[in-house]
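For reference, entry_20.cif is printed below; it contains mmCIF, C-alpha atoms.
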```
data_work
#
loop_
_atom_site.label_atom_id
_atom_site.label_comp_id
_atom_site.auth_asym_id
_atom_site.auth_seq_id
_atom_site.Cartn_x
_atom_site.Cartn_y
_atom_site.Cartn_z
CA MET A 24 -15.57 1.76 -22.37
CA LYS A 25 -15.63 -1.77 -20.92
CA VAL A 26 -13.73 -3.01 -17.86
CA THR A 27 -10.92 -4.66 -19.82
CA GLU A 28 -10.47 -1.64 -22.09
CA LEU A 29 -10.31 0.70 -19.11
CA ALA A 30 -7.82 -1.50 -17.30
CA LYS A 31 -5.63 -1.75 -20.38
CA GLU A 32 -5.64 2.02 -20.88
CA PHE A 33 -4.15 2.54 -17.42
CA GLY A 34 -1.91 -0.51 -17.30
CA THR A 35 -3.84 -2.08 -14.47
CA THR A 36 -5.96 -5.21 -14.15
CA PRO A 37 -9.69 -5.66 -14.71
CA ASP A 38 -9.87 -6.85 -11.09
CA THR A 39 -8.56 -3.47 -9.95
CA VAL A 40 -11.26 -1.69 -11.92
CA ARG A 41 -13.91 -4.04 -10.51
CA TYR A 42 -12.56 -3.50 -6.98
CA TYR A 43 -12.98 0.28 -7.21
CA THR A 44 -16.40 -0.26 -8.78
CA ARG A 45 -17.46 -2.50 -5.85
CA LEU A 46 -16.31 0.22 -3.46
CA LYS A 47 -18.53 2.69 -5.37
CA LEU A 48 -15.56 4.86 -6.28
CA LEU A 49 -16.45 4.19 -9.91
CA ASN A 50 -20.08 4.20 -11.05
CA PRO A 51 -20.39 2.72 -14.53
CA ALA A 52 -23.65 2.50 -16.44
CA LYS A 53 -25.05 -0.96 -17.14
CA SER A 54 -25.96 -1.82 -20.68
CA VAL A 55 -28.93 -4.01 -21.61
CA ASN A 56 -26.67 -7.04 -21.97
CA GLY A 57 -25.34 -6.53 -18.42
CA TYR A 58 -21.91 -5.16 -19.33
CA LYS A 59 -20.64 -2.19 -17.39
CA SER A 60 -19.80 0.84 -19.46
CA TYR A 61 -17.38 3.43 -18.10
CA SER A 62 -17.91 7.03 -19.20
CA ASN A 63 -15.22 9.68 -19.66
CA LYS A 64 -16.01 10.85 -16.12
CA GLU A 65 -15.26 7.35 -14.79
CA VAL A 66 -12.06 7.18 -16.86
CA SER A 67 -10.93 10.46 -15.25
CA ARG A 68 -11.96 9.19 -11.83
CA LEU A 69 -9.89 6.01 -12.22
CA LYS A 70 -6.89 8.09 -13.29
CA PHE A 71 -7.33 10.15 -10.12
CA ILE A 72 -7.68 7.04 -7.93
CA LEU A 73 -4.58 5.39 -9.37
CA SER A 74 -2.56 8.60 -9.01
CA ALA A 75 -3.71 9.01 -5.42
CA ARG A 76 -2.86 5.39 -4.59
CA ASN A 77 0.56 5.90 -6.20
CA LEU A 78 1.12 8.80 -3.78
CA GLY A 79 0.28 6.62 -0.78
CA PHE A 80 -3.29 7.70 -0.13
CA SER A 81 -5.51 4.98 1.30
CA VAL A 82 -8.87 4.03 -0.16
CA ALA A 83 -10.49 5.74 2.84
CA ASP A 84 -8.49 8.90 2.07
CA ILE A 85 -9.61 8.78 -1.55
CA LYS A 86 -13.26 8.40 -0.54
CA GLU A 87 -12.90 11.39 1.77
CA ILE A 88 -11.25 13.48 -0.95
CA ILE A 89 -13.93 12.56 -3.50
CA ASN A 90 -16.72 13.34 -1.01
CA GLU A 91 -15.18 16.75 -0.35
CA SER A 92 -15.06 17.43 -4.08
CA GLU A 93 -18.60 16.19 -4.67
CA ASP A 94 -19.80 18.55 -1.92
CA GLY A 95 -18.47 21.39 -4.09
CA LYS A 96 -15.54 22.17 -1.81
CA SER A 97 -11.90 22.36 -2.82
CA ALA A 98 -10.26 19.11 -1.76
CA CYS A 99 -6.80 20.72 -1.83
CA PRO A 100 -6.58 21.62 1.90
CA LEU A 101 -7.66 18.09 2.80
CA VAL A 102 -5.18 16.60 0.35
CA ARG A 103 -2.33 18.66 1.82
CA SER A 104 -3.28 17.62 5.34
CA LEU A 105 -3.56 13.93 4.42
CA ILE A 106 -0.28 13.84 2.49
CA LYS A 107 1.46 15.44 5.47
CA GLU A 108 0.10 12.64 7.69
CA ARG A 109 1.15 9.98 5.16
CA LEU A 110 4.62 11.50 4.91
CA GLU A 111 5.02 11.42 8.71
CA GLU A 112 3.86 7.79 8.79
CA THR A 113 6.23 6.90 5.96
CA GLU A 114 9.13 8.55 7.76
CA LYS A 115 8.42 6.50 10.90
CA GLN A 116 8.27 3.30 8.83
CA PHE A 117 11.48 4.27 7.04
CA GLN A 118 13.30 4.83 10.35
CA ALA A 119 12.01 1.49 11.64
CA MET A 120 13.27 -0.21 8.47
CA LEU A 121 16.68 1.44 8.89
CA ALA A 122 16.84 0.12 12.47
CA LEU A 123 15.86 -3.36 11.27
CA ARG A 124 18.47 -3.17 8.52
CA GLY A 125 21.07 -2.36 11.16
CA LYS A 126 20.02 -5.35 13.28
CA MET A 127 20.10 -7.65 10.26
CA SER A 128 23.53 -6.41 9.22
CA SER A 129 24.85 -6.86 12.74
CA ALA A 130 23.39 -10.35 12.94
CA LEU A 131 24.90 -11.36 9.63
CA SER A 132 28.36 -10.14 10.54
CA ARG A 133 28.22 -11.98 13.89
CA TRP A 134 26.77 -15.16 12.39
CA GLU A 135 29.42 -15.42 9.70
CA GLU A 136 31.94 -16.14 12.46
CA MET A 137 29.78 -18.66 14.33
CA GLU A 138 29.66 -22.39 13.69
CA ASP A 139 26.55 -24.31 12.66
CA LYS A 140 24.88 -26.34 15.43
CA ALA A 141 22.21 -29.02 15.32
CA PRO A 142 18.92 -28.23 17.06
CA THR A 143 18.28 -29.52 20.56
CA ALA A 144 15.17 -29.98 22.65
CA ASN A 145 15.60 -26.41 23.95
CA MET A 146 17.00 -24.71 20.88
CA VAL A 147 15.83 -24.28 17.30
CA CYS A 148 18.65 -22.14 15.92
CA HIS A 149 21.43 -20.90 18.17
CA LEU A 150 22.19 -17.98 15.86
CA ILE A 151 18.86 -16.26 16.51
CA GLU A 152 18.60 -17.33 20.13
CA ASN A 153 22.12 -16.12 20.97
CA PHE A 154 21.58 -12.88 19.08
CA GLU A 155 18.51 -12.05 21.16
CA GLN A 156 20.38 -12.89 24.41
CA ILE A 157 23.25 -10.62 23.41
CA LYS A 158 20.86 -7.76 22.58
CA LYS A 159 19.17 -8.00 26.03
CA ALA A 160 22.44 -7.95 27.92
#
```

If you convert what's in this file into structure tokens, what do you get?
Amino acid sequence: MKVTELAKEFGTTPDTVRYYTRLKLLNPAKSVNGYKSYSNKEVSRLKFILSARNLGFSVADIKEIINESEDGKSACPLVRSLIKERLEETEKQFQAMLALRGKMSSALSRWEEMEDKAPTANMVCHLIENFEQIKKA
């Protein structure tokens, strides 16, 4: 299977397939004319990579999981450990986004009542500058 065929099968781009090939996560055979040919093993590997990325695993995580598997060990304990870490990271990011959402909502409600002002030598936008002063007080 060629790069474009493989990409099409998984609804991704040829550049994505080439990217994982450059990282040595996929190892296609080269034909005499220089085209890369992806075997059924590589097709399965790309499916795994895309599924793992969809779950939030990093490329480094995926390499580690594949190495574990290629060493003949079950990757499942590693996968459970990594997904737990990713879930904790995602929860922290989610909480940070909720806090930012709250700040943005508060700013918008305050700013709707404030008049527009032209910039001065010491001020770019009084809405933001006054918001930060209020938050520090």

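Nearest residue to Ala98 in chain A among A:Ile85, A:Leu110, A:Met24, A:Leu121 is A:Ile85, counting all atoms listed in the file.
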
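With only C-alpha atoms as the atoms that count, the minimum distance from Asn50 in chain A to the choices A:Leu105, A:Leu123, A:Met137, A:Val26 is reached by A:Val26.
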
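Minimum atom-to-atom distance to Pro37 in chain A, evaluated using all atoms listed in the file, belongs to A:Lys25 out of A:Lys115, A:Leu73, A:Ser92, A:Lys25.
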
- Query: CA of Leu46 in chain A and CA of Lys59 in chain A are how many Å apart?
  - Reply: 14.8 Å

- Any chance you could work out the residue set of the PyMOL selection byres ((chain A and resi 43) around 12) here, as a PyMOL selection string? chain A and resi 26+30+35-42+44-51+65-66+68-73+76+82-83+85-86

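Interatomic distance, CA of Asn63 in chain A against CA of Ser104 in chain A: 28.8 Å.
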